[in-house]
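For reference, the structure is listed below as structure tokens.
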Amino acid sequence: MLKTLLTKRWLLLCALLAFVSGCAVVAKLTLNDRYGKPEVRQRVAPPISQEADFYLTEVKPILEERCVVCHACYDAPCQLKLSSPEGIDRGASKEKVYQGTRLIAANVSRLFIDAKDTQQWRQKGFYPVLNERDQTSLANTQASVLARMLLLKQSHPLPDQKILDDSFDLSLDRAQVCPTIEEMPDFEQNKPQWGMPYAMPGLTPAEHQTLMTWVEDGAEMAPLPTLNEDTEERVARWERFLNGTSLKERLVNRYIYEHLFVSHLYFTEQSHAGQAPRFFDLVRSTTPPGQPVDIIATRRPFDDPGVKAVYYRLVPVRSTIVDKTHMPYALSPKVMARWQALFYQPDYQVSRWPGYEPEVAANPLNAFEQLPVGARYRFMLDNVENTIMGFIKGPVCRGQVALDVINDRFWVLFVDPSMADAPDVSAFYHSQLANLRMPAEKQSTTIASNWLGYAKRQGDYVRARIDFMNHAFKDGRHLNLQSIWDGGGTNPNATLTILRHFDSATVVKGLVGRPPKTTWVIDYALLERIHYLLVAGFDVYGNYGHQLLTRLYMDFLRMEGESNFLALLPPVSRHRAFKAWYRGAGEDLTRFLEGDINPFNQPSGITYITDRPKEELYAMLEKREAPVQSPRYRIDSAKLKDSSKALLRQLDGLKGPYVHIFPELTFIMVEPEDGSDSELFTLVRNSAHTNISSLFDEKENRDYINDDVTLVHGILGSYPGAFWHVKEADLPALVALAEAVDDQASYRALLDGFGVRRTDPGFWAFSDKLNRLNIERHPIEKGLLDYNRLENR
């Protein structure tokens with residue numbers, strides 16, 4: 001319908017241009033005449049007031065449970081973030097953040113960073129969704145996009161059908177329709193079914209009335225709660241620690257900031273069972289501790305701040321915690337002492353400031369060369385799930401360009417940090433600084449042809465690295481299980497599992513699921529480069545060349561991690577496995593694999609006794625890492641009958657050419673027969689590939705017959721594709737239907753029996769319960785889910 005409308009308007013454009021322009025002016029004058037001229041407003045009520053209390057207790061819960069679940073990340077429709085008062089006041093924009101074909105980097109529009117107030121957002125092209133004209137009840141509803149969208153939904157509820165028709169565009173890359181208040185009459189006429197919440201059940205009469213009352217009364221919101229004395233003292237203590245003035249302190253604190261700038265920091269002393277603590281962002285400020293924070297807004301954390309003195313400050317997180325962008329990091333006296341032991345107590349000198357030139361700052365092996373390699377590596381390893389989470393979750397809400405470079409499920413192990421302490425390791429990294437240059441040095445607007453230079457340097461690095469390894473691991477020396485970090489027997493970060501869900505992904509502690517096709521073994525240099533490629537150095541607003549160059553470079557880093565794992569196998573098995581992992585790869589990649597990746601031929605220091613060494617290696621690694629494995633994601637940890645767990649393990653065995661019919665992520669709620677609290681599970685679809693070297697069309701490398709699933713206890717991932725709700729007694733029927741899925745009709749039959757579709761009248765009640773259970777059980781690490789990938793089947 002929209003395409004037809006646009007086509008008609010295009011054909012009539014030339015003839016009716018003057019008329020249309022005139023109508024726009026009349027519409028604007030009509031609004032101005034009725035409700036007065038727009039005037040930017042900041043709607044913050046006094047902290048102790050009826051308005052603030054009404055917002056916090058009545059309005060905010062509705063906004064979070066019905067609106068924030070779609071309007072929170074960078075891919076929030078129309079960039080409208082409803083997760084904070086500042087986001088609501090900022091409003092919406094017609095500009096898209098995710099636009100992979102742009103030739104020039106876009107202007108950044110990060111909430112809380114790139115503008116200081118609503119007036120500055122208006123200057124950047126954001127328009128209001130609340131009334132900014134005369135503050136009367138009539139004007140507050142009729143001159144408000146938000147109110148008009150809610151009223152539109154009430155007057156045009158969802159049609160009575162299980163599956164919405166094509167008049168609803170639910171594709172992820174759908175054309176955005178972002179009407180201003182002047183454009184609302186046309187929108188209401190042409191898209192009457194597109195009220196909010198879009199393509200979901202409407203609000204209850206009570207919820208609708210609460211929001212409308214709030215809007216009518218001026219939509220006042222509550223300010224951020226002030227910090228109590230105990231919290232202020234902890235903030236002050238950490239800010240003192242992070243703002244030492246010696247050259248060594250400044251360099252260490254810069255290193256810490258560039259690794260934690262996307263994390264949500266919290267104080268362990270203030271975290272209580274069942275409650276979420278207060279979270280903080282670590283920012284660069286022009287002002288020292290004790291003064292109001294003045295954020296230094298640069299595209300990347302290592303960009304030149306443009307001021308003589310930089311101060312690292314902790315500012316409270318002001319938005320609702322949503323799962324997709326939430327990466328908690330604990331601060332405690334123990335952590336502070338650990339950082340002291342890593343960076344300050346060792347006897348070494350920092351004699352020069354590295355500066356912020358892109359060629360230096362974008363390469364951590366260069367910028368922080370004066371800090372001990374072992375200290376840097378251990379700093380990241382201590383909470384390496386958080387480090388990896390930065391690239392797996394991070395600020396990128398839609399990451400196919402970055403994520404089609406990894407397999408759908410694989411394990412991650414780490415080289416033992418004792419191996420980073422050797423002087424020859426530091427000397428080797430120093431010798432390779434020119435080869436280890438990072439694409440971010442080209443900043444956010446670049447051309448893809450720059451790839452050739454990085455490819456050559458990466459090849460030179462790989463060859464030099466192989467020569468180094470052939471010497472260091474001669475005759476299998478040090479190339480054994482002891483070379484793999486075991487977390488000291490206590491740190492659960494020692495092993496990770498990464499699961500990709502097409503354009504999003506999840507990282508969790510532990511070896512989750514059956515032994516995978518591939519595994520990475522990461523050393524210091526690889527871990528550091530992954531972070532600076534995909535987190536510190538990646539710009540979601542960057543141009544096509546920047547994003548493509550990042551994707552191509554990550555190919556090499558992935559293969560480096562894979563080859564580290566294969567080095568533990570006998571030489572013949574290494575070659576065989578690599579060929580199996582890259583079936584059908586192009587000639588260039590094949591030559592690179594055979595010529596640059598595989599010259600390492602030293603024997604493994606591990607003794608194998610069968611002709612299936614990879615399976616033996618997995619078994620040995622699982623045994624070695626057993627002390628740091630958590631039962632959290634195991635089906636057996638659910639409080640269900642043994643027979644029910646057996647059925648769920650049966651569901652976990654789905655494999656073959658029909659598995660692709662299932663969504664990427666299915667969240668399952670099981671109601672136990674004994675009446676205890678519901679159990680939650682996640683069915684993860686793992687898409688197999690003959691290789692993952694294709695840039696733009698994954699289907700050409702899909703290996704459907706080897707698709708399988710991983711069923712875990714608990715919620716894993718941020719973007720559900722489907723919901724299932726089942727009583728424990730009905731698990732046999734559910735599993736039977738799931739095993740019978742071989743086409744869309746049989747999948748619909750499964751949903752007819754157990755699905756909670758986006759059109760289900762009970763959808764919001766189910767959603768509220770699932771989010772509540774998930775957050776209550778893991779209050780520190782969980783946030784609200786995102787429904788932008790929820791399917792319509």
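Residue names in the structure tokens use chain letters A, B, ... in the order shown, residue numbers from 1 in each chain, and ligand numbers from 1 in the order shown.
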
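For Glu728 in chain A, the list of residues within 10 Å, based on only C-alpha atoms and with local chain neighbours fewer than 6 positions off taken out, reads Leu640, Lys641, Ser643, Ser644, Lys645, Met669, Val670, Glu671, Pro672, Glu673, Asp674, Ser678, Glu679 and Leu734 of chain A.
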
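Excluding Leu203 in chain A and any residue on its chain fewer than 2 positions from it, the residues at most 10 Å away by only C-alpha atoms are A:Ile62, A:Arg66, A:Leu150, A:Lys153, A:Gln154, A:Pro157, A:Met196, A:Pro197, A:Met200, A:Pro201, A:Pro205, A:Ala206, A:Glu207, A:His208, A:Gln209, A:Leu211, A:Trp764.
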
Practice item. Extract, using only C-alpha atoms, all DNA, RNA and protein residues at most 8 Å from range 329-336 of chain A, discarding same-chain residues fewer than 3 positions from it, and format them as JSON, numbers by chain. Key: {"A": [263, 264, 265, 266, 267, 268, 269, 339, 340, 383, 386]}

Polymer residues at most 8 Å from Lys614 in chain A, only C-alpha atoms, same-chain spacing of 2 or more positions, as a tab-separated table (two decimals) with N, CA and C atoms, in the first residue's frame:
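Output saved as result.tsv:
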chain	number	residue	atom	x	y	z
A	569	LEU	N	46.33	-30.16	17.80
A	569	LEU	CA	46.10	-31.45	17.15
A	569	LEU	C	47.36	-31.90	16.41
A	573	SER	N	46.00	-33.77	11.14
A	573	SER	CA	44.62	-33.45	11.50
A	573	SER	C	44.32	-31.97	11.33
A	612	ARG	N	40.68	-40.25	16.06
A	612	ARG	CA	39.74	-39.13	16.15
A	612	ARG	C	40.27	-38.12	17.18
A	616	GLU	N	39.01	-36.50	20.98
A	616	GLU	CA	39.83	-36.72	22.18
A	616	GLU	C	40.19	-35.39	22.84
A	617	LEU	N	40.58	-34.42	22.02
A	617	LEU	CA	40.98	-33.12	22.55
A	617	LEU	C	39.82	-32.45	23.27
A	618	TYR	N	38.63	-32.50	22.66
A	618	TYR	CA	37.47	-31.92	23.32
A	618	TYR	C	37.22	-32.59	24.67

Point to revise | Residues near Ala362 in chain A, cut-off 7 Å, only C-alpha atoms, skip fewer than 6 positions along chain, as a count of residues only | key: 6

Practice item. Work out how far apart CA of Val235 in chain A and CA of Leu314 in chain A are and give it in Å to one decimal. Key: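 Value for the CA of Val235 in chain A-CA of Leu314 in chain A distance: 6.6 Å.
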
Check your understanding: Any idea what's packed within 9 Å of range 298-301 of chain A, counting only C-alpha atoms, ignoring anything in its chain fewer than 6 positions away? Could you give it as a list of chain:residue names?
Key ->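 Neighbouring residues, sequence-local ones excluded: A:Val108, A:Ile113, A:Asp114, A:Tyr257, A:Glu258, A:His259, A:Phe261, A:Val283, A:Arg284, A:Gln443, A:Ser444, A:Ala536, A:Gly537, A:Phe538, A:Asp539, A:Tyr541.
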
Review point. Which of these, A:Arg529, A:Arg409, A:Arg514, A:Arg338, has the shortest distance to Pro439 in chain A once you count only C-alpha atoms?
Key: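 Ranking A:Arg529, A:Arg409, A:Arg514, A:Arg338 by distance to Pro439 in chain A, first place goes to A:Arg529.
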
Exercise for review: Per DSSP on the backbone, filter range 478-635 of chain A down to the residues in helix (DSSP H, G or I) and report them as number ranges by chain.
Suggested key: A: 481-483, 487-489, 492-494, 524-534, 544-566, 571-581, 587-597, 613-624, 626-628, 635

Practice item. Quick one: everything within 12 Å of His471 in chain A, counting only C-alpha atoms, minus sequence neighbours fewer than 5 positions away in the same chain. Send it as a PyMOL selection string. Key: chain A and resi 424-425+464-466+476-479+600-603

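Residues of range 235-474 of chain A that DSSP places in strand (DSSP E), based on the backbone of this structure, are A:His264, A:Leu265, A:Tyr266, A:Phe267, A:Phe280, A:Asp281, A:Leu282, A:Val283, A:Arg284, A:Ser285, A:Tyr311, A:Tyr312, A:Arg313, A:Leu314, A:Val315, A:Pro316, A:Pro328, A:Tyr329, A:Ala330, A:Leu331, A:Arg409, A:Phe410, A:Trp411, A:Val412, A:Leu413, A:Phe414.
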
Those residues you just picked out, can you put them in a file as a compact mmCIF listing (two decimals), in the first residue's frame with N, CA and C atoms?
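Contents of out23.txt, as written:
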# COMPACT_ATOMS: atom_id res chain seq x y z
N HIS A 264 28.57 -1.46 31.90
CA HIS A 264 27.80 -0.87 32.99
C HIS A 264 28.47 -1.30 34.30
N LEU A 265 29.11 -0.36 34.97
CA LEU A 265 29.86 -0.66 36.17
C LEU A 265 28.94 -0.59 37.40
N TYR A 266 29.21 -1.45 38.37
CA TYR A 266 28.43 -1.43 39.60
C TYR A 266 29.32 -1.83 40.77
N PHE A 267 28.89 -1.47 41.97
CA PHE A 267 29.65 -1.75 43.18
C PHE A 267 29.12 -3.03 43.82
N PHE A 280 26.70 2.39 36.42
CA PHE A 280 27.40 3.61 36.03
C PHE A 280 28.12 3.40 34.70
N ASP A 281 28.28 4.51 33.96
CA ASP A 281 29.12 4.54 32.77
C ASP A 281 30.44 5.21 33.13
N LEU A 282 31.52 4.70 32.53
CA LEU A 282 32.82 5.35 32.68
C LEU A 282 33.02 6.25 31.46
N VAL A 283 33.21 7.55 31.69
CA VAL A 283 33.28 8.51 30.60
C VAL A 283 34.54 9.37 30.74
N ARG A 284 34.89 10.02 29.64
CA ARG A 284 35.94 11.05 29.67
C ARG A 284 35.26 12.40 29.85
N SER A 285 35.81 13.21 30.74
CA SER A 285 35.22 14.52 31.04
C SER A 285 36.30 15.59 31.01
N TYR A 311 39.74 13.68 32.38
CA TYR A 311 39.38 13.08 33.65
C TYR A 311 38.39 11.95 33.41
N TYR A 312 38.59 10.85 34.11
CA TYR A 312 37.71 9.68 33.97
C TYR A 312 36.70 9.72 35.11
N ARG A 313 35.42 9.75 34.73
CA ARG A 313 34.36 9.96 35.70
C ARG A 313 33.31 8.86 35.60
N LEU A 314 32.63 8.63 36.70
CA LEU A 314 31.53 7.67 36.74
C LEU A 314 30.21 8.44 36.76
N VAL A 315 29.35 8.16 35.79
CA VAL A 315 28.04 8.83 35.75
C VAL A 315 26.95 7.76 35.79
N PRO A 316 25.89 7.97 36.55
CA PRO A 316 24.83 6.97 36.64
C PRO A 316 24.19 6.71 35.28
N PRO A 328 27.36 -5.81 32.38
CA PRO A 328 27.73 -5.42 33.74
C PRO A 328 29.17 -5.77 34.06
N TYR A 329 29.80 -4.91 34.86
CA TYR A 329 31.19 -5.12 35.27
C TYR A 329 31.30 -4.70 36.74
N ALA A 330 31.76 -5.62 37.57
CA ALA A 330 31.79 -5.39 39.01
C ALA A 330 33.02 -4.60 39.43
N LEU A 331 32.82 -3.60 40.27
CA LEU A 331 33.90 -2.88 40.94
C LEU A 331 33.83 -3.19 42.43
N ARG A 409 27.74 -21.42 16.39
CA ARG A 409 28.03 -21.78 17.78
C ARG A 409 29.45 -22.32 17.83
N PHE A 410 30.26 -21.79 18.73
CA PHE A 410 31.60 -22.30 18.91
C PHE A 410 32.08 -21.98 20.31
N TRP A 411 33.10 -22.69 20.74
CA TRP A 411 33.69 -22.48 22.05
C TRP A 411 34.91 -21.57 21.94
N VAL A 412 35.23 -20.92 23.03
CA VAL A 412 36.40 -20.04 23.09
C VAL A 412 37.23 -20.41 24.31
N LEU A 413 38.51 -20.65 24.08
CA LEU A 413 39.48 -20.92 25.13
C LEU A 413 40.59 -19.87 25.04
N PHE A 414 41.45 -19.82 26.05
CA PHE A 414 42.46 -18.78 26.11
C PHE A 414 43.83 -19.37 26.45

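Taking CA of Arg500 in chain A as the reference point, CA of Ala745 in chain A is found at 26.3 Å.
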
Review point. So how many Å separate CA of Lys456 in chain A and CA of Tyr582 in chain A, to one decimal?
Key: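 Atom-to-atom, CA of Lys456 in chain A and CA of Tyr582 in chain A are spaced 20.9 Å apart.
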
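Remark: for Phe428 in chain A, the closest of the candidate residues A:Ala525, A:Arg352, A:Thr518, A:Asp752 is A:Ala525 (distances computed over only C-alpha atoms).
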